[in-house]
Structure formats: C-alpha cells, structure tokens
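Listing of input.txt, compact mmCIF, C-alpha atoms and all ligand atoms
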# COMPACT_ATOMS: atom_id res chain seq x y z
CA MET B 1 49.63 -12.73 44.45
CA SER B 2 51.78 -15.79 43.71
CA ASP B 3 49.15 -17.99 45.34
CA PHE B 4 46.38 -16.56 43.19
CA ILE B 5 43.95 -19.29 42.07
CA PRO B 6 42.32 -18.29 38.77
CA VAL B 7 38.72 -19.23 38.02
CA ASN B 8 39.96 -21.06 34.93
CA GLU B 9 43.36 -22.31 33.87
CA PRO B 10 43.40 -24.59 30.81
CA LEU B 11 45.53 -27.68 30.27
CA ILE B 12 47.15 -27.96 26.85
CA SER B 13 48.46 -31.39 25.87
CA GLN B 14 51.82 -32.08 24.25
CA GLU B 15 49.96 -33.63 21.28
CA ALA B 16 48.18 -30.31 20.70
CA LYS B 17 51.51 -28.47 20.72
CA ASP B 18 53.11 -30.97 18.36
CA ASN B 19 50.15 -30.79 15.98
CA VAL B 20 50.31 -26.99 15.90
CA ASN B 21 54.01 -27.12 15.04
CA GLU B 22 53.27 -29.59 12.28
CA ALA B 23 50.56 -27.33 10.86
CA LEU B 24 52.91 -24.33 11.02
CA ASN B 25 55.87 -26.19 9.55
CA THR B 26 53.85 -27.57 6.64
CA GLY B 27 52.19 -24.22 5.90
CA TRP B 28 48.62 -25.48 6.39
CA ILE B 29 47.59 -22.60 8.62
CA SER B 30 44.22 -21.62 7.18
CA SER B 31 41.01 -23.62 6.94
CA ALA B 32 42.35 -26.20 4.47
CA GLY B 33 44.48 -28.95 5.98
CA LYS B 34 44.19 -32.42 7.40
CA PHE B 35 43.45 -31.48 11.02
CA VAL B 36 40.08 -29.86 10.23
CA GLU B 37 38.58 -33.07 8.86
CA GLU B 38 40.30 -35.25 11.46
CA PHE B 39 38.88 -33.07 14.25
CA GLU B 40 35.35 -33.05 12.77
CA LYS B 41 35.33 -36.81 12.32
CA GLY B 42 36.95 -37.50 15.67
CA PHE B 43 34.62 -35.27 17.65
CA ALA B 44 31.50 -36.61 15.88
CA ALA B 45 32.68 -40.18 16.56
CA TYR B 46 33.25 -39.33 20.23
CA LEU B 47 29.63 -38.18 20.50
CA GLY B 48 28.29 -41.01 18.37
CA VAL B 49 26.80 -38.70 15.72
CA LYS B 50 27.18 -38.83 11.96
CA GLU B 51 28.36 -35.35 11.11
CA GLY B 52 30.51 -32.65 12.65
CA ILE B 53 30.85 -29.25 10.97
CA SER B 54 33.59 -27.14 12.52
CA VAL B 55 33.08 -23.39 12.86
CA SER B 56 34.98 -20.44 14.28
CA ASN B 57 33.25 -20.38 17.70
CA GLY B 58 30.20 -21.57 19.62
CA THR B 59 28.18 -18.46 18.83
CA ALA B 60 28.72 -19.08 15.11
CA ALA B 61 27.69 -22.72 15.65
CA LEU B 62 24.38 -21.55 17.12
CA HIS B 63 23.84 -19.04 14.30
CA VAL B 64 24.49 -21.69 11.66
CA ALA B 65 22.29 -24.29 13.40
CA LEU B 66 19.40 -21.85 13.70
CA ARG B 67 19.70 -20.98 10.01
CA VAL B 68 19.83 -24.67 9.13
CA ALA B 69 16.59 -25.03 11.10
CA GLY B 70 15.15 -22.30 8.86
CA VAL B 71 14.84 -19.64 11.56
CA THR B 72 14.21 -16.25 9.99
CA THR B 73 12.57 -12.85 10.52
CA GLY B 74 9.41 -13.04 12.58
CA ASP B 75 10.05 -16.52 13.98
CA GLU B 76 10.21 -17.29 17.68
CA VAL B 77 12.78 -19.49 19.40
CA ILE B 78 12.40 -20.85 22.93
CA VAL B 79 15.57 -20.28 24.96
CA PRO B 80 16.32 -20.56 28.67
CA ALA B 81 16.28 -17.33 30.67
CA PHE B 82 19.37 -18.61 32.44
CA THR B 83 22.12 -18.94 29.86
CA MET B 84 25.13 -17.31 28.29
CA ALA B 85 24.33 -14.47 25.89
CA ALA B 86 25.40 -16.39 22.76
CA THR B 87 22.26 -18.56 22.97
CA TRP B 88 19.90 -15.62 22.51
CA LEU B 89 22.22 -13.41 20.43
CA ALA B 90 22.30 -16.07 17.70
CA VAL B 91 18.49 -15.98 17.59
CA ILE B 92 18.58 -12.20 17.19
CA TYR B 93 21.18 -12.54 14.37
CA CYS B 94 18.51 -14.49 12.44
CA GLY B 95 16.03 -11.64 12.83
CA ALA B 96 13.97 -13.84 15.12
CA LYS B 97 12.71 -13.31 18.66
CA PRO B 98 14.18 -15.17 21.63
CA VAL B 99 11.35 -16.26 23.92
CA PHE B 100 12.66 -16.76 27.43
CA VAL B 101 11.58 -19.60 29.69
CA ASP B 102 12.59 -19.74 33.35
CA CYS B 103 14.87 -22.47 34.70
CA THR B 104 14.48 -25.13 37.37
CA PRO B 105 15.81 -24.27 40.84
CA ASP B 106 17.90 -27.46 41.18
CA THR B 107 19.77 -27.97 37.88
CA TYR B 108 19.34 -24.38 36.58
CA ASN B 109 18.26 -25.87 33.24
CA LEU B 110 15.33 -24.86 31.05
CA ASN B 111 12.13 -25.88 32.91
CA PRO B 112 10.06 -28.15 30.61
CA ASP B 113 6.87 -27.42 32.58
CA LEU B 114 7.00 -23.76 31.54
CA ILE B 115 7.63 -24.22 27.83
CA GLU B 116 4.20 -24.96 26.37
CA GLU B 117 2.61 -21.75 27.63
CA LYS B 118 5.22 -19.85 25.57
CA ILE B 119 4.67 -21.71 22.29
CA THR B 120 2.84 -19.77 19.56
CA SER B 121 2.21 -20.31 15.85
CA LYS B 122 5.53 -18.52 15.24
CA THR B 123 7.64 -20.86 17.38
CA LYS B 124 10.09 -22.86 15.30
CA VAL B 125 12.87 -24.12 17.56
CA ILE B 126 13.63 -24.97 21.19
CA VAL B 127 17.22 -24.49 22.38
CA PRO B 128 17.87 -26.42 25.60
CA VAL B 129 21.22 -25.48 27.16
CA HIS B 130 23.05 -28.09 29.27
CA ILE B 131 24.06 -25.46 31.75
CA TYR B 132 27.36 -25.90 33.63
CA GLY B 133 27.58 -29.39 32.14
CA HIS B 134 24.40 -30.79 33.69
CA PRO B 135 22.17 -32.39 31.01
CA VAL B 136 18.70 -30.99 30.42
CA ASP B 137 15.71 -33.31 30.99
CA MET B 138 15.73 -34.10 27.27
CA ASP B 139 12.82 -36.59 27.10
CA SER B 140 10.44 -33.84 28.22
CA ILE B 141 11.88 -31.37 25.72
CA LEU B 142 11.76 -33.87 22.84
CA GLU B 143 8.17 -34.78 23.66
CA ILE B 144 7.06 -31.13 23.58
CA ALA B 145 9.00 -30.59 20.33
CA LYS B 146 7.32 -33.59 18.73
CA LYS B 147 3.86 -32.51 19.83
CA HIS B 148 4.32 -29.00 18.40
CA ASP B 149 6.49 -29.94 15.43
CA LEU B 150 9.52 -27.97 16.58
CA ILE B 151 13.21 -28.49 15.88
CA VAL B 152 15.50 -29.04 18.87
CA ILE B 153 18.99 -27.51 18.88
CA GLU B 154 21.03 -28.46 21.92
CA ASP B 155 23.42 -25.80 23.16
CA ALA B 156 26.07 -28.18 24.48
CA ALA B 157 28.81 -25.54 24.73
CA GLU B 158 29.35 -26.41 28.40
CA ALA B 159 28.66 -30.14 28.18
CA HIS B 160 31.42 -32.02 26.31
CA GLY B 161 31.20 -35.59 27.57
CA ALA B 162 28.02 -35.11 29.62
CA GLU B 163 25.39 -37.84 29.29
CA TYR B 164 21.63 -38.02 29.51
CA LYS B 165 20.41 -41.55 30.29
CA GLY B 166 23.68 -42.93 28.95
CA LYS B 167 23.64 -40.92 25.72
CA LYS B 168 26.04 -38.08 25.04
CA CYS B 169 24.72 -34.55 25.18
CA GLY B 170 24.93 -33.29 21.62
CA SER B 171 23.49 -36.51 20.20
CA LEU B 172 19.93 -35.99 21.40
CA GLY B 173 18.42 -33.11 19.40
CA ASP B 174 18.11 -32.49 15.66
CA LEU B 175 21.29 -30.44 15.84
CA ALA B 176 23.71 -29.53 18.62
CA CYS B 177 26.30 -26.81 19.10
CA PHE B 178 29.62 -26.91 20.90
CA SER B 179 32.15 -24.25 21.83
CA PHE B 180 35.89 -24.81 22.10
CA TYR B 181 36.65 -21.48 23.79
CA GLY B 182 39.63 -21.42 26.19
CA ASN B 183 37.60 -22.21 29.30
CA LYS B 184 35.53 -25.01 27.78
CA ILE B 185 36.18 -28.70 28.56
CA LEU B 186 37.72 -29.22 25.13
CA THR B 187 39.44 -26.16 23.71
CA THR B 188 40.96 -24.98 20.44
CA GLY B 189 41.53 -21.44 21.76
CA GLU B 190 38.46 -20.22 19.91
CA GLY B 191 36.32 -22.65 17.96
CA GLY B 192 33.01 -24.43 17.68
CA MET B 193 31.13 -27.27 16.02
CA VAL B 194 27.66 -28.04 14.79
CA VAL B 195 26.84 -31.75 15.02
CA THR B 196 23.90 -33.69 13.63
CA ASN B 197 22.74 -37.11 12.45
CA ASN B 198 20.81 -35.45 9.63
CA VAL B 199 22.83 -35.49 6.40
CA GLU B 200 20.83 -32.72 4.70
CA MET B 201 21.19 -30.48 7.72
CA ALA B 202 24.92 -31.15 7.73
CA TYR B 203 25.15 -30.24 4.06
CA LYS B 204 23.41 -26.93 4.69
CA ALA B 205 25.61 -26.18 7.71
CA ARG B 206 28.75 -26.72 5.58
CA LYS B 207 27.41 -24.32 2.95
CA LEU B 208 26.46 -21.67 5.51
CA LYS B 209 29.78 -21.66 7.31
CA ASP B 210 31.75 -21.16 4.09
CA LEU B 211 30.03 -18.31 2.22
CA TYR B 212 27.47 -20.59 0.57
CA HIS B 213 29.45 -21.15 -2.62
CA SER B 214 27.29 -22.78 -5.30
CA ASP B 215 27.86 -26.50 -5.89
CA LYS B 216 27.92 -25.82 -9.61
CA LYS B 217 30.49 -23.07 -9.53
CA ARG B 218 32.66 -21.77 -6.72
CA PHE B 219 32.31 -18.01 -6.14
CA ILE B 220 28.75 -18.09 -7.40
CA HIS B 221 26.39 -17.60 -4.45
CA GLU B 222 22.69 -18.44 -4.37
CA GLN B 223 22.23 -17.73 -0.67
CA VAL B 224 23.77 -15.69 2.13
CA GLY B 225 26.58 -17.56 3.86
CA TYR B 226 29.21 -16.60 6.41
CA ASN B 227 32.92 -17.00 6.91
CA TYR B 228 32.77 -19.08 10.07
CA ARG B 229 35.63 -21.42 9.17
CA LEU B 230 37.81 -23.01 11.84
CA THR B 231 41.51 -22.89 10.98
CA ASN B 232 43.74 -25.92 10.62
CA LEU B 233 45.87 -24.43 13.44
CA GLN B 234 42.87 -24.46 15.77
CA ALA B 235 41.81 -27.93 14.61
CA ALA B 236 45.40 -29.09 15.26
CA VAL B 237 44.91 -28.11 18.90
CA GLY B 238 41.50 -29.82 18.89
CA CYS B 239 42.89 -33.12 17.53
CA GLY B 240 45.55 -33.18 20.24
CA GLU B 241 43.07 -32.30 22.99
CA LEU B 242 40.51 -34.83 21.79
CA LYS B 243 42.96 -37.61 22.67
CA HIS B 244 42.60 -36.49 26.29
CA ILE B 245 38.89 -35.82 26.52
CA GLU B 246 38.08 -38.78 28.78
CA GLU B 247 40.84 -37.65 31.12
CA TYR B 248 39.48 -34.09 31.12
CA VAL B 249 35.94 -35.22 31.89
CA ALA B 250 37.27 -37.45 34.68
CA LYS B 251 39.27 -34.52 36.05
CA LYS B 252 36.15 -32.33 36.19
CA GLN B 253 34.29 -35.07 38.06
CA TRP B 254 37.21 -35.56 40.44
CA MET B 255 37.29 -31.80 41.09
CA ALA B 256 33.57 -31.77 41.89
CA LYS B 257 33.91 -34.76 44.21
CA LYS B 258 36.68 -32.98 46.14
CA TYR B 259 34.77 -29.72 46.42
CA ASN B 260 31.60 -31.58 47.46
CA GLU B 261 33.45 -33.48 50.19
CA LEU B 262 35.17 -30.40 51.54
CA LEU B 263 32.17 -28.07 51.38
CA LYS B 264 29.27 -30.36 52.23
CA ASP B 265 28.93 -29.15 55.82
CA VAL B 266 29.04 -25.43 55.11
CA PRO B 267 25.65 -24.17 56.20
CA GLY B 268 24.05 -21.79 53.77
CA LEU B 269 26.14 -22.83 50.77
CA ILE B 270 24.16 -24.68 48.09
CA LEU B 271 26.22 -27.21 46.15
CA PRO B 272 25.38 -28.53 42.66
CA THR B 273 22.51 -31.02 42.31
CA VAL B 274 22.89 -34.00 39.97
CA LYS B 275 19.83 -35.84 38.70
CA ASP B 276 19.73 -39.65 38.55
CA TYR B 277 19.57 -39.57 34.75
CA ALA B 278 22.65 -37.40 34.44
CA LYS B 279 26.36 -37.67 33.98
CA CYS B 280 27.34 -34.11 34.89
CA VAL B 281 30.72 -32.79 33.70
CA TYR B 282 30.88 -29.69 35.90
CA TRP B 283 32.06 -27.20 33.31
CA MET B 284 32.16 -24.88 36.31
CA PHE B 285 31.71 -25.78 39.95
CA ALA B 286 28.69 -23.62 40.57
CA VAL B 287 27.49 -22.77 44.08
CA GLN B 288 24.84 -20.51 45.51
CA LEU B 289 24.48 -18.62 48.75
CA SER B 290 21.25 -19.70 50.40
CA ILE B 291 18.54 -17.07 50.75
CA PHE B 292 18.82 -17.69 54.49
CA ASN B 293 22.40 -16.53 54.40
CA LEU B 294 22.16 -13.10 55.99
CA GLN B 295 25.72 -12.74 57.25
CA PHE B 296 27.10 -11.24 54.06
CA THR B 297 26.14 -10.47 50.48
CA LYS B 298 27.47 -12.40 47.50
CA GLU B 299 29.58 -9.38 46.58
CA GLN B 300 31.15 -9.33 50.06
CA PHE B 301 31.71 -13.08 49.87
CA ARG B 302 33.43 -12.80 46.49
CA ALA B 303 35.53 -9.83 47.66
CA ARG B 304 36.72 -11.76 50.72
CA LEU B 305 37.64 -14.75 48.58
CA LYS B 306 39.53 -12.44 46.24
CA GLU B 307 41.51 -11.01 49.21
CA GLN B 308 42.64 -14.57 49.85
CA GLY B 309 43.67 -15.06 46.25
CA VAL B 310 40.59 -17.00 45.15
CA ASP B 311 39.10 -15.89 41.86
CA THR B 312 35.35 -16.42 41.28
CA ARG B 313 32.74 -15.45 38.68
CA ASP B 314 29.13 -14.43 38.93
CA PHE B 315 26.44 -16.62 37.40
CA PHE B 316 24.98 -15.45 34.09
CA TYR B 317 22.65 -12.47 34.55
CA ALA B 318 18.89 -12.59 34.01
CA PRO B 319 17.28 -11.23 30.80
CA THR B 320 15.68 -8.54 32.97
CA ASP B 321 19.19 -7.19 33.65
CA GLN B 322 20.12 -6.98 29.94
CA PRO B 323 19.31 -3.61 28.39
CA VAL B 324 19.66 -5.11 24.90
CA LEU B 325 16.84 -7.58 25.63
CA LYS B 326 14.20 -4.97 26.52
CA PRO B 327 12.33 -5.39 23.21
CA TYR B 328 12.12 -9.17 23.60
CA PHE B 329 9.83 -9.66 26.55
CA LYS B 330 6.78 -7.97 28.00
CA THR B 331 7.36 -5.10 30.41
CA GLY B 332 6.95 -6.46 33.89
CA GLU B 333 7.58 -10.05 32.84
CA ARG B 334 9.72 -11.83 35.40
CA PHE B 335 11.88 -14.95 35.56
CA PRO B 336 11.82 -15.55 39.31
CA VAL B 337 14.10 -18.58 39.50
CA THR B 338 16.67 -17.18 37.08
CA GLU B 339 16.64 -13.83 38.88
CA LEU B 340 17.12 -15.52 42.24
CA ILE B 341 19.97 -17.80 41.23
CA ALA B 342 21.62 -15.05 39.18
CA SER B 343 21.72 -12.92 42.31
CA ARG B 344 23.05 -15.67 44.59
CA GLY B 345 25.23 -17.85 42.38
CA LEU B 346 28.93 -17.89 41.63
CA TYR B 347 31.53 -20.32 40.46
CA LEU B 348 34.64 -21.40 42.23
CA PRO B 349 37.95 -22.02 40.41
CA SER B 350 37.18 -24.93 38.09
CA GLY B 351 39.83 -25.06 35.36
CA LEU B 352 41.31 -28.32 34.13
CA ALA B 353 44.71 -27.39 35.54
CA ILE B 354 43.40 -27.11 39.11
CA THR B 355 45.32 -29.08 41.76
CA GLU B 356 44.14 -30.82 44.92
CA GLU B 357 46.08 -28.28 46.95
CA GLN B 358 44.27 -25.42 45.22
CA ILE B 359 40.87 -27.04 45.82
CA LYS B 360 41.76 -27.39 49.50
CA SER B 361 42.83 -23.74 49.73
CA VAL B 362 39.60 -22.61 48.07
CA ALA B 363 37.54 -24.74 50.47
CA GLU B 364 39.46 -23.40 53.49
CA ALA B 365 38.91 -19.82 52.31
CA VAL B 366 35.19 -20.47 51.88
CA LYS B 367 34.89 -22.13 55.29
CA GLY B 368 36.86 -19.31 56.91
CA ILE B 369 34.34 -16.78 55.67
CA TYR B 370 31.52 -18.92 57.08
CA ASN B 371 33.49 -19.29 60.38
CA CYS B 372 33.43 -23.05 60.10
CA SER B 373 37.08 -23.63 59.29
CA SER B 374 38.24 -27.13 60.14
CA LYS B 375 41.59 -25.74 61.30
C1 LIG C 1 30.58 -20.55 25.73
C2 LIG C 1 29.14 -20.66 25.38
C3 LIG C 1 28.65 -20.33 24.10
C4 LIG C 1 29.44 -19.59 23.06
O1 LIG C 1 30.60 -20.07 22.67
P1 LIG C 1 31.76 -19.12 22.07
O2 LIG C 1 32.71 -20.13 21.53
O3 LIG C 1 32.32 -18.34 23.19
O4 LIG C 1 31.15 -18.28 21.02
C5 LIG C 1 27.33 -20.59 23.82
N1 LIG C 1 26.51 -21.10 24.73
C6 LIG C 1 26.91 -21.39 25.98
C7 LIG C 1 25.94 -21.95 26.94
C8 LIG C 1 28.24 -21.16 26.35
O5 LIG C 1 28.64 -21.40 27.61
How does this structure look as structure tokens?
Amino acid sequence: MSDFIPVNEPLISQEAKDNVNEALNTGWISSAGKFVEEFEKGFAAYLGVKEGISVSNGTAALHVALRVAGVTTGDEVIVPAFTMAATWLAVIYCGAKPVFVDCTPDTYNLNPDLIEEKITSKTKVIVPVHIYGHPVDMDSILEIAKKHDLIVIEDAAEAHGAEYKGKKCGSLGDLACFSFYGNKILTTGEGGMVVTNNVEMAYKARKLKDLYHSDKKRFIHEQVGYNYRLTNLQAAVGCGELKHIEEYVAKKQWMAKKYNELLKDVPGLILPTVKDYAKCVYWMFAVQLSIFNLQFTKEQFRARLKEQGVDTRDFFYAPTDQPVLKPYFKTGERFPVTELIASRGLYLPSGLAITEEQIKSVAEAVKGIYNCSSK
C-alpha cells in the first residue's frame, strides 16, 4: 500500500513548527499566550472583519454564534439539509429546532428559493453553509433575512479564502464560524473561530467561550458559559499556517484545475460547478456519478478505487438517514436533491499535500473504471 493516496493529507509549515516549539519552550501552553491574540487578529484581518474570537473547534464556534444570536429553547433555525452534522447539532445544543431546507443541484448549497416557505414566527436565524468551499448565493439569503428580521450566521468551516462577489466568505453575515480541524484549508489540529463586525456580538462571544466570568469579578457568573478556549499551542500552529493561506488557497485551485482537465471527458462523472459570482476554494474535490451511470454503483466505484490505492469519502448523508434527526422533521418529509446527491456523491483525494503525480494516478484510476483510460 506504499502508493496509497489518502483523501486528505495536511501540509504543516516550518513556521507552525517553530511557533509550537516557542510556545512549549516558554511554557505558554494553555489559552493564555501571545499566539492566541495574534491568530485572532491575523485571521480577522485576512477576512477583513473587525473581530475574531478563537474557540476549541468549529462546532463550538457554531454553538457560541447561535447563543450570541439569542437562539434558545423553542426557536427555529434554518439550516441546509446537505451539510456536516455540526451545523444542526449546534442548533440542538441550544434547545432549538433545526429546520432543514434542500440544496441546489449545481452548487449543493442551501437553496434560497425554498427558504421562505419554512420560515415561521419562531424562526430566528439562517445558517448558510459554503459547502465544499463554494460560496452560497448570499445576496438572496441576506435579502430574505432582512425581510423577516433574521440573523445570518455563515458556516464557513469549509470556505477559508472563498469569495462571494469579491468579498471573503465569513465577512458577509452577522456572524461567521470557521473550523481549523486537520482536514480544513487552514488547520490548528483542532480549533475554530467566530468572526463578526459587530462589537457587542464579539463581546458576548468572548464571554460565552470562557465560562462567562462576570466583568465585575472573575469567578462570579451571571450566565451559563462554556470552556471553548483555543490553546496557545494550537494558535501557534494557526499563526504559522496563516502566513501560507494564500498559497494553500492557490494550491486547492490548482488541484481542481488539474482534476477538471484530466476528468472532463469522463462520461457520467459530474464535476464541480462554479458560479460566476464565486471564488471557490475546493475544500474537497467533490464529484457525482450521473443518474444515467448504470454500469456500477457508487459503492462499487469507491471499492475499485480503493483497490488501486485511491481513498475517497462519501458526501454528507441526508437528514432522512440520520436516526437522531427523526424528531426534527415531519414524517414523510423529503429532501430530494440532498438525497440524490448524497447517494451519488463522493470526494477524491484533495489534501493540501497532494502532488501532480497523485492527481494523475487518481484520474487514471477513475478513467480505468469508466473504460476510457487515455493509456
Ligand atoms: C468541519 C465542519 C464543521 C465543524 O468543525 P469542527 O472543527 O470539526 O467541529 C462545521 N461545519 C462544517 C460545514 C464543517 O465542514
């Protein structure tokens, strides 16, 4: 298996390693230390937003942002049916109900045309997710939010560096959440950040992530807070990685260009769509088997790739496949586009460490299965 090509292999910069050593050598290993503030300021500046509040992971970022937005028991939050579990789990943590809206068939993002029919007097927030690094059609979302007086929290966990009409994802809603998990475009191992231009919201997020100590007296608590602090060790990695973010985004785009060139003529394989308004950062290179593909199932396709040393992952599963979500939508309710793409989609190896040679091997393996090898 020496030629095994993993679905994700991260790149860790020398600066990140040096920073970690500095943090270790100086003893600043917990959540106090210079790297935490440097990382928050640096990442916020990169996005062009006022405030960055680091947290322990992207799920925590969503939980904090929803609480900042005032989401509580009995409220409803609009989330895409096609997303990673953290988006809806964070809503459930608040005692609120995730209300699922189907996605568009081309970008797999929350479909703005289907949102208004799901808005009720209990709806408080919309959470658009820039899925696989392709920006959501934000103007439509913001217009609906304005009309119904809703707060918008972008889930930008897969979209570091992505842009909507020239503006960075994460700078468009009232609040936005990032993840720095190992397979994300910028990583700290585990980590996350809430970002916002709203100073009061930022204040509240800082309180919530650190046990909600009273301003008057530390260790006096007027509200429920959490320990969602990022460590200085993790922030040390983040500061080093942030120096390379443009490079990482460019690498993702280069990877997608290569895959697109090599795979464009494979009949029955649907490649990613990019809208005119979008700078897509291809968190994962996501493909789908066409519904006209009757030669083999997705499972057979993935198994044959695996035999040739090519690792892949399924798309996220639909809410209708999640036993834990049974109480959150009507029996018989369907999400046809999400269900279809969830059954036909997968991602090819897409890590930042991927080489041209590996991309070529993956493409050859794919073409071989479709009997259209160029060899
Ligand atoms: C990764 C991810 C998260 C959660 O981030 P963690 O750091 O793993 O908690 C949330 N939303 C989306 C869309 C993600 O891809």
So that I can see what lies close to Ala202 of chain B, please list as a short mmCIF file (atom, residue, chain, number, x, y, z; two decimals) with C-alpha atoms, in the coordinates of the input the residues with an atom at most 10 Å from it, counting only C-alpha atoms and leaving out residues fewer than 3 positions away in the same chain.
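Generated file (out-v1.cif):
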data_model
loop_
_atom_site.label_atom_id
_atom_site.label_comp_id
_atom_site.auth_asym_id
_atom_site.auth_seq_id
_atom_site.Cartn_x
_atom_site.Cartn_y
_atom_site.Cartn_z
CA LYS B 50 27.18 -38.83 11.96
CA GLU B 51 28.36 -35.35 11.11
CA GLY B 52 30.51 -32.65 12.65
CA ILE B 53 30.85 -29.25 10.97
CA ALA B 65 22.29 -24.29 13.40
CA VAL B 68 19.83 -24.67 9.13
CA LEU B 175 21.29 -30.44 15.84
CA VAL B 194 27.66 -28.04 14.79
CA VAL B 195 26.84 -31.75 15.02
CA THR B 196 23.90 -33.69 13.63
CA ASN B 197 22.74 -37.11 12.45
CA ASN B 198 20.81 -35.45 9.63
CA VAL B 199 22.83 -35.49 6.40
CA ALA B 205 25.61 -26.18 7.71
CA ARG B 206 28.75 -26.72 5.58
CA LYS B 207 27.41 -24.32 2.95
CA LEU B 208 26.46 -21.67 5.51
#
Please find the residues contacting ligand LIG 1 (chain C) at a distance of at most 7 Å between atoms, with all atoms listed in the file counted, and report them as a ChimeraX atom specification.
/B:57-60,83-84,86-87,129,131,155-158,179-181,184,190-192
Counting all atoms listed in the file, note down every residue that has an atom within 10 Å of the point (42.7, -28.5, 5.5) (file coordinates), as a list in words.
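Result, sorted by chain then residue number: Ala23, Trp28, Ile29, Ser30, Ser31, Ala32, Gly33, Lys34, Phe35, Val36, Glu37, Glu38, Leu230, Thr231, Asn232, Leu233 and Ala235 of chain B.
Among the candidate residues B:Glu333, B:Asp102, B:Glu154, B:Glu117, the one lying nearest to Leu66 of chain B is B:Glu154, with distances computed using all atoms listed in the file.
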Distance atom CA of Lys367 of chain B-atom CA of Gly345 of chain B, one decimal place?
16.7 Å
Can you list, as a ChimeraX atom specification, every protein, DNA or RNA residue that comes within 9 Å of Asn293 of chain B when you count only C-alpha atoms, leaving out same-chain residues fewer than 4 positions away?
/B:267-269,289,297
Go ahead and write the residues just picked, C-alpha atoms, as a JSON list (two decimals), in the coordinates of the input.
[["chain", "number", "residue", "atom", "x", "y", "z"],
["B", 267, "PRO", "CA", 25.65, -24.17, 56.20],
["B", 268, "GLY", "CA", 24.05, -21.79, 53.77],
["B", 269, "LEU", "CA", 26.14, -22.83, 50.77],
["B", 289, "LEU", "CA", 24.48, -18.62, 48.75],
["B", 297, "THR", "CA", 26.14, -10.47, 50.48]]
Which residues are near segment 248-259 of chain B? Cut-off 10 Å, all atoms listed in the file, ignore same chain within fewer than 3 positions. Put them as a PyMOL selection string.
chain B and resi 11+133+159-162+185-186+241-245+262-264+271-272+279-286+348-356+359-360+362-363
The distance between atom CA of Ser140 of chain B and atom CA of Met201 of chain B is 23.4 Å
Pairwise distance, atom CA of Phe178 of chain B with atom CA of Leu62 of chain B, equals 8.4 Å
Nearest to Phe315 of chain B, chosen from B:Ile151, B:Tyr108, B:Cys239, B:Tyr212, with all atoms listed in the file counted in the distances:
B:Tyr108
Show me, as a list in words, the residues that have an atom within 6 Å of Thr338 of chain B when counting all atoms listed in the file, minus same-chain residues fewer than 4 positions from it.
Phe82, Ala318 and Ala342 of chain B
Around segment 190-197 of chain B, fit a box with edges along x, y and z, padding it by 4 Å on each side, then list its centre and edge lengths in Å to one decimal as AutoDock Vina command-line options.
--center_x 30.6 --center_y -28.7 --center_z 16.2 --size_x 23.7 --size_y 24.9 --size_z 15.5
Residue nearest Lys167 of chain B - candidates B:Ile12, B:Met138, B:Asp75, B:Glu116, atoms counted: all atoms listed in the file:
B:Met138
Best match for closeness to Asp276 of chain B among B:Cys169, B:Asp137, B:Lys209, B:Gly189, counting all atoms listed in the file:
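The shortest atom-to-atom distance to Asp276 of chain B comes from B:Asp137.
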May I ask which of the residues B:Pro327, B:Ser214, B:Ser13, B:Tyr370 is the closest one to Leu294 of chain B, counting only C-alpha atoms?
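Going through B:Pro327, B:Ser214, B:Ser13, B:Tyr370 one by one, the smallest distance to Leu294 of chain B is for B:Tyr370.
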Quick one: of B:Phe100, B:Phe296, B:Tyr93, B:Tyr328, who's nearest to Ala81 of chain B, counting all atoms listed in the file?
B:Phe100
